[in-house]
$ cat entry_25.cif   # mmCIF, N, CA and C atoms
data_run
#
loop_
_atom_site.label_atom_id
_atom_site.label_comp_id
_atom_site.auth_asym_id
_atom_site.auth_seq_id
_atom_site.Cartn_x
_atom_site.Cartn_y
_atom_site.Cartn_z
N MET A 575 -95.40 130.40 -154.38
CA MET A 575 -94.37 130.99 -153.57
C MET A 575 -93.89 132.32 -154.14
N SER A 576 -93.90 132.43 -155.41
CA SER A 576 -93.43 133.66 -156.02
C SER A 576 -94.28 134.84 -155.58
N VAL A 577 -95.58 134.59 -155.34
CA VAL A 577 -96.47 135.64 -154.89
C VAL A 577 -96.07 136.07 -153.49
N ASP A 578 -95.73 135.13 -152.65
CA ASP A 578 -95.33 135.44 -151.28
C ASP A 578 -94.04 136.25 -151.26
N VAL A 579 -93.11 135.92 -152.13
CA VAL A 579 -91.82 136.61 -152.18
C VAL A 579 -92.05 138.05 -152.64
N ASN A 580 -92.86 138.23 -153.64
CA ASN A 580 -93.13 139.57 -154.15
C ASN A 580 -93.84 140.41 -153.10
N SER A 581 -94.81 139.86 -152.43
CA SER A 581 -95.53 140.62 -151.40
C SER A 581 -94.61 140.91 -150.22
N GLN A 582 -93.75 139.98 -149.90
CA GLN A 582 -92.81 140.19 -148.81
C GLN A 582 -91.84 141.33 -149.14
N SER A 583 -91.32 141.33 -150.35
CA SER A 583 -90.39 142.39 -150.74
C SER A 583 -91.12 143.75 -150.78
N PHE A 584 -92.38 143.73 -151.20
CA PHE A 584 -93.18 144.97 -151.23
C PHE A 584 -93.35 145.53 -149.82
N LYS A 585 -93.65 144.65 -148.87
CA LYS A 585 -93.81 145.08 -147.47
C LYS A 585 -92.51 145.67 -146.94
N GLU A 586 -91.40 145.01 -147.26
CA GLU A 586 -90.11 145.49 -146.77
C GLU A 586 -89.79 146.88 -147.37
N GLU A 587 -90.10 147.03 -148.65
CA GLU A 587 -89.86 148.33 -149.29
C GLU A 587 -90.72 149.43 -148.66
N MET A 588 -91.98 149.09 -148.38
CA MET A 588 -92.88 150.07 -147.77
C MET A 588 -92.41 150.45 -146.37
N ILE A 589 -91.97 149.47 -145.61
CA ILE A 589 -91.49 149.75 -144.25
C ILE A 589 -90.24 150.62 -144.32
N ALA A 590 -89.35 150.33 -145.26
CA ALA A 590 -88.13 151.13 -145.42
C ALA A 590 -88.49 152.56 -145.81
N GLU A 591 -89.46 152.71 -146.71
CA GLU A 591 -89.89 154.06 -147.13
C GLU A 591 -90.49 154.83 -145.96
N ILE A 592 -91.30 154.16 -145.17
CA ILE A 592 -91.93 154.80 -144.00
C ILE A 592 -90.86 155.27 -143.03
N LYS A 593 -89.84 154.41 -142.78
CA LYS A 593 -88.77 154.78 -141.85
C LYS A 593 -87.99 155.99 -142.39
N ARG A 594 -87.75 156.00 -143.71
CA ARG A 594 -87.03 157.12 -144.31
C ARG A 594 -87.82 158.43 -144.14
N ILE A 595 -89.12 158.36 -144.36
CA ILE A 595 -89.97 159.55 -144.21
C ILE A 595 -90.00 160.00 -142.75
N GLN A 596 -90.05 159.04 -141.82
CA GLN A 596 -90.05 159.39 -140.39
C GLN A 596 -88.75 160.09 -140.00
N ASN A 597 -87.64 159.59 -140.54
CA ASN A 597 -86.34 160.21 -140.24
C ASN A 597 -86.30 161.66 -140.76
N GLU A 598 -86.82 161.86 -141.98
CA GLU A 598 -86.86 163.23 -142.52
C GLU A 598 -87.73 164.13 -141.66
N LEU A 599 -88.87 163.59 -141.22
CA LEU A 599 -89.79 164.37 -140.39
C LEU A 599 -89.11 164.76 -139.08
N ASN A 600 -88.37 163.80 -138.46
CA ASN A 600 -87.66 164.10 -137.21
C ASN A 600 -86.61 165.19 -137.42
N GLU A 601 -85.91 165.12 -138.55
CA GLU A 601 -84.91 166.15 -138.84
C GLU A 601 -85.56 167.53 -138.97
N LEU A 602 -86.70 167.57 -139.67
CA LEU A 602 -87.40 168.84 -139.82
C LEU A 602 -87.87 169.39 -138.47
N LYS A 603 -88.34 168.49 -137.61
CA LYS A 603 -88.77 168.92 -136.27
C LYS A 603 -87.61 169.50 -135.48
N ASN A 604 -86.45 168.84 -135.59
CA ASN A 604 -85.26 169.33 -134.88
C ASN A 604 -84.86 170.71 -135.39
N LEU A 605 -84.93 170.90 -136.71
CA LEU A 605 -84.60 172.21 -137.28
C LEU A 605 -85.55 173.28 -136.74
N LYS A 606 -86.82 172.93 -136.71
CA LYS A 606 -87.83 173.88 -136.23
C LYS A 606 -87.57 174.24 -134.77
N VAL A 607 -87.26 173.26 -133.95
CA VAL A 607 -86.99 173.51 -132.53
C VAL A 607 -85.78 174.41 -132.38
N ASN A 608 -84.74 174.16 -133.15
CA ASN A 608 -83.52 174.96 -133.06
C ASN A 608 -83.77 176.41 -133.49
N ILE A 609 -84.60 176.57 -134.51
CA ILE A 609 -84.89 177.92 -135.00
C ILE A 609 -85.74 178.68 -133.99
N SER A 610 -86.73 178.00 -133.44
CA SER A 610 -87.66 178.70 -132.56
C SER A 610 -87.18 178.83 -131.12
N LYS A 611 -86.02 178.23 -130.79
CA LYS A 611 -85.49 178.38 -129.42
C LYS A 611 -85.15 179.83 -129.15
N LYS A 612 -85.48 180.26 -127.95
CA LYS A 612 -85.16 181.64 -127.58
C LYS A 612 -83.67 181.73 -127.30
N SER A 613 -83.07 182.75 -127.86
CA SER A 613 -81.64 182.91 -127.64
C SER A 613 -81.42 183.46 -126.23
N THR A 614 -80.33 183.03 -125.63
CA THR A 614 -80.01 183.48 -124.28
C THR A 614 -79.46 184.90 -124.29
N ALA A 615 -78.95 185.36 -125.44
CA ALA A 615 -78.41 186.71 -125.53
C ALA A 615 -79.55 187.71 -125.43
N ARG A 616 -79.27 188.81 -124.76
CA ARG A 616 -80.30 189.83 -124.57
C ARG A 616 -80.52 190.60 -125.86
N LYS A 617 -81.80 190.74 -126.22
CA LYS A 617 -82.12 191.46 -127.45
C LYS A 617 -82.11 192.96 -127.19
N PRO A 618 -81.72 193.74 -128.18
CA PRO A 618 -81.76 195.20 -127.98
C PRO A 618 -83.21 195.67 -127.87
N ALA A 619 -83.38 196.71 -127.07
CA ALA A 619 -84.73 197.25 -126.84
C ALA A 619 -85.27 197.84 -128.14
N LYS A 620 -86.56 197.69 -128.31
CA LYS A 620 -87.19 198.24 -129.50
C LYS A 620 -87.28 199.75 -129.37
N LYS A 621 -87.08 200.41 -130.48
CA LYS A 621 -87.18 201.87 -130.46
C LYS A 621 -88.65 202.24 -130.44
N THR A 622 -88.98 203.11 -129.51
CA THR A 622 -90.38 203.55 -129.44
C THR A 622 -90.50 204.90 -130.10
N THR A 623 -91.58 205.07 -130.78
CA THR A 623 -91.80 206.36 -131.44
C THR A 623 -92.50 207.28 -130.46
N LYS A 624 -92.07 208.53 -130.47
CA LYS A 624 -92.69 209.50 -129.57
C LYS A 624 -94.09 209.80 -130.05
N ARG A 625 -94.99 209.88 -129.10
CA ARG A 625 -96.36 210.22 -129.45
C ARG A 625 -96.46 211.72 -129.67
N LYS A 626 -97.18 212.06 -130.69
CA LYS A 626 -97.36 213.48 -130.95
C LYS A 626 -98.46 214.00 -130.04
N THR A 627 -98.19 215.13 -129.42
CA THR A 627 -99.21 215.72 -128.56
C THR A 627 -100.27 216.38 -129.42
N ALA A 628 -101.43 216.51 -128.86
CA ALA A 628 -102.53 217.12 -129.61
C ALA A 628 -102.18 218.57 -129.91
N ALA A 629 -102.51 219.00 -131.09
CA ALA A 629 -102.20 220.37 -131.50
C ALA A 629 -102.99 221.35 -130.65
N LYS A 630 -102.30 222.39 -130.18
CA LYS A 630 -102.98 223.39 -129.36
C LYS A 630 -103.85 224.25 -130.25
N LYS A 631 -105.01 224.59 -129.71
CA LYS A 631 -105.91 225.44 -130.48
C LYS A 631 -105.37 226.86 -130.50
N LYS A 632 -105.39 227.44 -131.67
CA LYS A 632 -104.90 228.80 -131.79
C LYS A 632 -105.98 229.75 -131.31
N THR A 633 -105.54 230.73 -130.50
CA THR A 633 -106.50 231.72 -130.03
C THR A 633 -106.57 232.82 -131.08
N VAL A 634 -107.77 233.06 -131.52
CA VAL A 634 -107.97 234.06 -132.56
C VAL A 634 -108.23 235.39 -131.87
N LYS A 635 -107.38 236.38 -132.20
CA LYS A 635 -107.55 237.69 -131.59
C LYS A 635 -108.67 238.42 -132.30
N ARG A 636 -109.46 239.11 -131.50
CA ARG A 636 -110.57 239.88 -132.08
C ARG A 636 -110.02 241.11 -132.78
N LYS A 637 -110.68 241.47 -133.84
CA LYS A 637 -110.29 242.69 -134.54
C LYS A 637 -110.77 243.87 -133.72
N PRO A 638 -109.97 244.91 -133.61
CA PRO A 638 -110.42 246.08 -132.83
C PRO A 638 -111.64 246.70 -133.50
N ALA A 639 -112.52 247.25 -132.65
CA ALA A 639 -113.75 247.86 -133.18
C ALA A 639 -113.40 249.06 -134.04
N LYS A 640 -114.19 249.24 -135.08
CA LYS A 640 -113.96 250.38 -135.96
C LYS A 640 -114.28 251.66 -135.22
N LYS A 641 -113.45 252.66 -135.46
CA LYS A 641 -113.71 253.96 -134.80
C LYS A 641 -114.89 254.60 -135.51
N THR A 642 -115.89 254.94 -134.72
CA THR A 642 -117.08 255.54 -135.33
C THR A 642 -117.03 257.04 -135.13
N THR A 643 -117.49 257.73 -136.13
CA THR A 643 -117.53 259.19 -136.01
C THR A 643 -118.81 259.54 -135.26
N LYS A 644 -118.71 260.60 -134.47
CA LYS A 644 -119.89 260.99 -133.69
C LYS A 644 -120.97 261.46 -134.64
N ARG A 645 -122.15 261.00 -134.39
CA ARG A 645 -123.26 261.40 -135.24
C ARG A 645 -123.73 262.79 -134.83
N LYS A 646 -124.01 263.53 -135.82
CA LYS A 646 -124.52 264.87 -135.52
C LYS A 646 -126.00 264.70 -135.18
N THR A 647 -126.38 265.40 -134.13
CA THR A 647 -127.79 265.31 -133.76
C THR A 647 -128.60 266.11 -134.77
N ALA A 648 -129.81 265.71 -134.94
CA ALA A 648 -130.66 266.38 -135.92
C ALA A 648 -130.89 267.82 -135.47
N ALA A 649 -130.83 268.73 -136.41
CA ALA A 649 -131.03 270.15 -136.09
C ALA A 649 -132.45 270.34 -135.58
N LYS A 650 -132.57 271.09 -134.49
CA LYS A 650 -133.90 271.33 -133.93
C LYS A 650 -134.66 272.26 -134.84
N LYS A 651 -135.92 271.89 -135.06
CA LYS A 651 -136.74 272.75 -135.91
C LYS A 651 -137.10 274.02 -135.15
N LYS A 652 -137.00 275.07 -135.85
CA LYS A 652 -137.36 276.34 -135.20
C LYS A 652 -138.87 276.42 -135.17
N THR A 653 -139.38 276.74 -134.03
CA THR A 653 -140.84 276.87 -133.93
C THR A 653 -141.20 278.28 -134.41
N VAL A 654 -142.09 278.29 -135.35
CA VAL A 654 -142.52 279.57 -135.90
C VAL A 654 -143.73 280.01 -135.09
N LYS A 655 -143.58 281.18 -134.52
CA LYS A 655 -144.70 281.68 -133.73
C LYS A 655 -145.76 282.21 -134.67
N ARG A 656 -147.02 281.89 -134.32
CA ARG A 656 -148.11 282.37 -135.16
C ARG A 656 -148.35 283.85 -134.91
N LYS A 657 -148.69 284.47 -135.97
CA LYS A 657 -149.01 285.88 -135.82
C LYS A 657 -150.36 285.98 -135.13
N PRO A 658 -150.50 286.92 -134.27
CA PRO A 658 -151.80 287.05 -133.61
C PRO A 658 -152.88 287.42 -134.62
N ALA A 659 -154.07 286.91 -134.37
CA ALA A 659 -155.19 287.17 -135.29
C ALA A 659 -155.51 288.67 -135.29
N LYS A 660 -155.91 289.14 -136.45
CA LYS A 660 -156.27 290.55 -136.56
C LYS A 660 -157.57 290.77 -135.82
N LYS A 661 -157.58 291.81 -135.16
CA LYS A 661 -158.82 292.13 -134.45
C LYS A 661 -159.82 292.65 -135.46
N THR A 662 -160.99 292.09 -135.40
CA THR A 662 -162.03 292.56 -136.31
C THR A 662 -162.94 293.51 -135.57
N THR A 663 -163.38 294.44 -136.26
CA THR A 663 -164.28 295.40 -135.64
C THR A 663 -165.68 294.94 -135.87
N LYS A 664 -166.53 295.12 -134.90
CA LYS A 664 -167.93 294.71 -135.05
C LYS A 664 -168.62 295.68 -135.96
N ARG A 665 -169.48 295.18 -136.81
CA ARG A 665 -170.26 296.02 -137.68
C ARG A 665 -171.47 296.51 -136.94
N LYS A 666 -171.74 297.62 -137.20
CA LYS A 666 -172.92 298.20 -136.57
C LYS A 666 -174.12 297.75 -137.35
N ARG A 667 -175.24 297.59 -136.62
CA ARG A 667 -176.46 297.19 -137.31
C ARG A 667 -177.15 298.41 -137.82
N GLN A 668 -177.72 298.28 -138.86
CA GLN A 668 -178.43 299.43 -139.45
C GLN A 668 -179.87 299.36 -139.21
#
$ encode --input "entry_25.cif" --output "structure tokens"
Amino acid sequence: MSVDVNSQSFKEEMIAEIKRIQNELNELKNLKVNISKKSTARKPAKKTTKRKTAAKKKTVKRKPAKKTTKRKTAAKKKTVKRKPAKKTTKRKRQ
């Protein structure tokens, strides 16, 4: 009989422990539900950051063309007139 009494008390202790754990679990569930409930009060709107617009491409101004000095045309070569050939006199035959 002593074995039956010991096993009976063990069962009762285990059942009591299980019930205690279940009660703790239920309390934790209730806490979770209360925390995760959506509040009826209206939340303030989130601040949105302004998007930066794409940077405009800078227009590069062309450098003005360098002023060029007028080129002097090449001096025309003077044409040298040939002197007329000397007239030769015919030799007489002897």
$ atom_distance --input "entry_25.cif" --atom1 "atom C of Asn597 in chain A" --atom2 "atom C of Phe584 in chain A"
19.8 Å
$ select_by_dssp --input "entry_25.cif" --residues "range 584-638 of chain A" --states "alpha helix (DSSP H)" --output "list in words"
Phe584, Lys585, Glu586, Glu587, Met588, Ile589, Ala590, Glu591, Ile592, Lys593, Arg594, Ile595, Gln596, Asn597, Glu598, Leu599, Asn600, Glu601, Leu602, Lys603, Asn604, Leu605, Lys606, Val607, Asn608, Ile609 and Ser610 of chain A
$ write_last_selection --input "entry_25.cif" --atoms "N, CA and C atoms" --output "PDB file, keeping the file's coordinate frame"
ATOM      1  N   PHE A 584     -92.380 143.730-151.200  1.00  0.00           N
ATOM      2  CA  PHE A 584     -93.180 144.970-151.230  1.00  0.00           C
ATOM      3  C   PHE A 584     -93.350 145.530-149.820  1.00  0.00           C
ATOM      4  N   LYS A 585     -93.650 144.650-148.870  1.00  0.00           N
ATOM      5  CA  LYS A 585     -93.810 145.080-147.470  1.00  0.00           C
ATOM      6  C   LYS A 585     -92.510 145.670-146.940  1.00  0.00           C
ATOM      7  N   GLU A 586     -91.400 145.010-147.260  1.00  0.00           N
ATOM      8  CA  GLU A 586     -90.110 145.490-146.770  1.00  0.00           C
ATOM      9  C   GLU A 586     -89.790 146.880-147.370  1.00  0.00           C
ATOM     10  N   GLU A 587     -90.100 147.030-148.650  1.00  0.00           N
ATOM     11  CA  GLU A 587     -89.860 148.330-149.290  1.00  0.00           C
ATOM     12  C   GLU A 587     -90.720 149.430-148.660  1.00  0.00           C
ATOM     13  N   MET A 588     -91.980 149.090-148.380  1.00  0.00           N
ATOM     14  CA  MET A 588     -92.880 150.070-147.770  1.00  0.00           C
ATOM     15  C   MET A 588     -92.410 150.450-146.370  1.00  0.00           C
ATOM     16  N   ILE A 589     -91.970 149.470-145.610  1.00  0.00           N
ATOM     17  CA  ILE A 589     -91.490 149.750-144.250  1.00  0.00           C
ATOM     18  C   ILE A 589     -90.240 150.620-144.320  1.00  0.00           C
ATOM     19  N   ALA A 590     -89.350 150.330-145.260  1.00  0.00           N
ATOM     20  CA  ALA A 590     -88.130 151.130-145.420  1.00  0.00           C
ATOM     21  C   ALA A 590     -88.490 152.560-145.810  1.00  0.00           C
ATOM     22  N   GLU A 591     -89.460 152.710-146.710  1.00  0.00           N
ATOM     23  CA  GLU A 591     -89.890 154.060-147.130  1.00  0.00           C
ATOM     24  C   GLU A 591     -90.490 154.830-145.960  1.00  0.00           C
ATOM     25  N   ILE A 592     -91.300 154.160-145.170  1.00  0.00           N
ATOM     26  CA  ILE A 592     -91.930 154.800-144.000  1.00  0.00           C
ATOM     27  C   ILE A 592     -90.860 155.270-143.030  1.00  0.00           C
ATOM     28  N   LYS A 593     -89.840 154.410-142.780  1.00  0.00           N
ATOM     29  CA  LYS A 593     -88.770 154.780-141.850  1.00  0.00           C
ATOM     30  C   LYS A 593     -87.990 155.990-142.390  1.00  0.00           C
ATOM     31  N   ARG A 594     -87.750 156.000-143.710  1.00  0.00           N
ATOM     32  CA  ARG A 594     -87.030 157.120-144.310  1.00  0.00           C
ATOM     33  C   ARG A 594     -87.820 158.430-144.140  1.00  0.00           C
ATOM     34  N   ILE A 595     -89.120 158.360-144.360  1.00  0.00           N
ATOM     35  CA  ILE A 595     -89.970 159.550-144.210  1.00  0.00           C
ATOM     36  C   ILE A 595     -90.000 160.000-142.750  1.00  0.00           C
ATOM     37  N   GLN A 596     -90.050 159.040-141.820  1.00  0.00           N
ATOM     38  CA  GLN A 596     -90.050 159.390-140.390  1.00  0.00           C
ATOM     39  C   GLN A 596     -88.750 160.090-140.000  1.00  0.00           C
ATOM     40  N   ASN A 597     -87.640 159.590-140.540  1.00  0.00           N
ATOM     41  CA  ASN A 597     -86.340 160.210-140.240  1.00  0.00           C
ATOM     42  C   ASN A 597     -86.300 161.660-140.760  1.00  0.00           C
ATOM     43  N   GLU A 598     -86.820 161.860-141.980  1.00  0.00           N
ATOM     44  CA  GLU A 598     -86.860 163.230-142.520  1.00  0.00           C
ATOM     45  C   GLU A 598     -87.730 164.130-141.660  1.00  0.00           C
ATOM     46  N   LEU A 599     -88.870 163.590-141.220  1.00  0.00           N
ATOM     47  CA  LEU A 599     -89.790 164.370-140.390  1.00  0.00           C
ATOM     48  C   LEU A 599     -89.110 164.760-139.080  1.00  0.00           C
ATOM     49  N   ASN A 600     -88.370 163.800-138.460  1.00  0.00           N
ATOM     50  CA  ASN A 600     -87.660 164.100-137.210  1.00  0.00           C
ATOM     51  C   ASN A 600     -86.610 165.190-137.420  1.00  0.00           C
ATOM     52  N   GLU A 601     -85.910 165.120-138.550  1.00  0.00           N
ATOM     53  CA  GLU A 601     -84.910 166.150-138.840  1.00  0.00           C
ATOM     54  C   GLU A 601     -85.560 167.530-138.970  1.00  0.00           C
ATOM     55  N   LEU A 602     -86.700 167.570-139.670  1.00  0.00           N
ATOM     56  CA  LEU A 602     -87.400 168.840-139.820  1.00  0.00           C
ATOM     57  C   LEU A 602     -87.870 169.390-138.470  1.00  0.00           C
ATOM     58  N   LYS A 603     -88.340 168.490-137.610  1.00  0.00           N
ATOM     59  CA  LYS A 603     -88.770 168.920-136.270  1.00  0.00           C
ATOM     60  C   LYS A 603     -87.610 169.500-135.480  1.00  0.00           C
ATOM     61  N   ASN A 604     -86.450 168.840-135.590  1.00  0.00           N
ATOM     62  CA  ASN A 604     -85.260 169.330-134.880  1.00  0.00           C
ATOM     63  C   ASN A 604     -84.860 170.710-135.390  1.00  0.00           C
ATOM     64  N   LEU A 605     -84.930 170.900-136.710  1.00  0.00           N
ATOM     65  CA  LEU A 605     -84.600 172.210-137.280  1.00  0.00           C
ATOM     66  C   LEU A 605     -85.550 173.280-136.740  1.00  0.00           C
ATOM     67  N   LYS A 606     -86.820 172.930-136.710  1.00  0.00           N
ATOM     68  CA  LYS A 606     -87.830 173.880-136.230  1.00  0.00           C
ATOM     69  C   LYS A 606     -87.570 174.240-134.770  1.00  0.00           C
ATOM     70  N   VAL A 607     -87.260 173.260-133.950  1.00  0.00           N
ATOM     71  CA  VAL A 607     -86.990 173.510-132.530  1.00  0.00           C
ATOM     72  C   VAL A 607     -85.780 174.410-132.380  1.00  0.00           C
ATOM     73  N   ASN A 608     -84.740 174.160-133.150  1.00  0.00           N
ATOM     74  CA  ASN A 608     -83.520 174.960-133.060  1.00  0.00           C
ATOM     75  C   ASN A 608     -83.770 176.410-133.490  1.00  0.00           C
ATOM     76  N   ILE A 609     -84.600 176.570-134.510  1.00  0.00           N
ATOM     77  CA  ILE A 609     -84.890 177.920-135.000  1.00  0.00           C
ATOM     78  C   ILE A 609     -85.740 178.680-133.990  1.00  0.00           C
ATOM     79  N   SER A 610     -86.730 178.000-133.440  1.00  0.00           N
ATOM     80  CA  SER A 610     -87.660 178.700-132.560  1.00  0.00           C
ATOM     81  C   SER A 610     -87.180 178.830-131.120  1.00  0.00           C
TER      82      SER A 610
END
$ atom_distance --input "entry_25.cif" --atom1 "atom C of Asn580 in chain A" --atom2 "atom C of Glu598 in chain A"
27.0 Å
$ atom_distance --input "entry_25.cif" --atom1 "atom N of Thr622 in chain A" --atom2 "atom C of Val607 in chain A"
29.0 Å
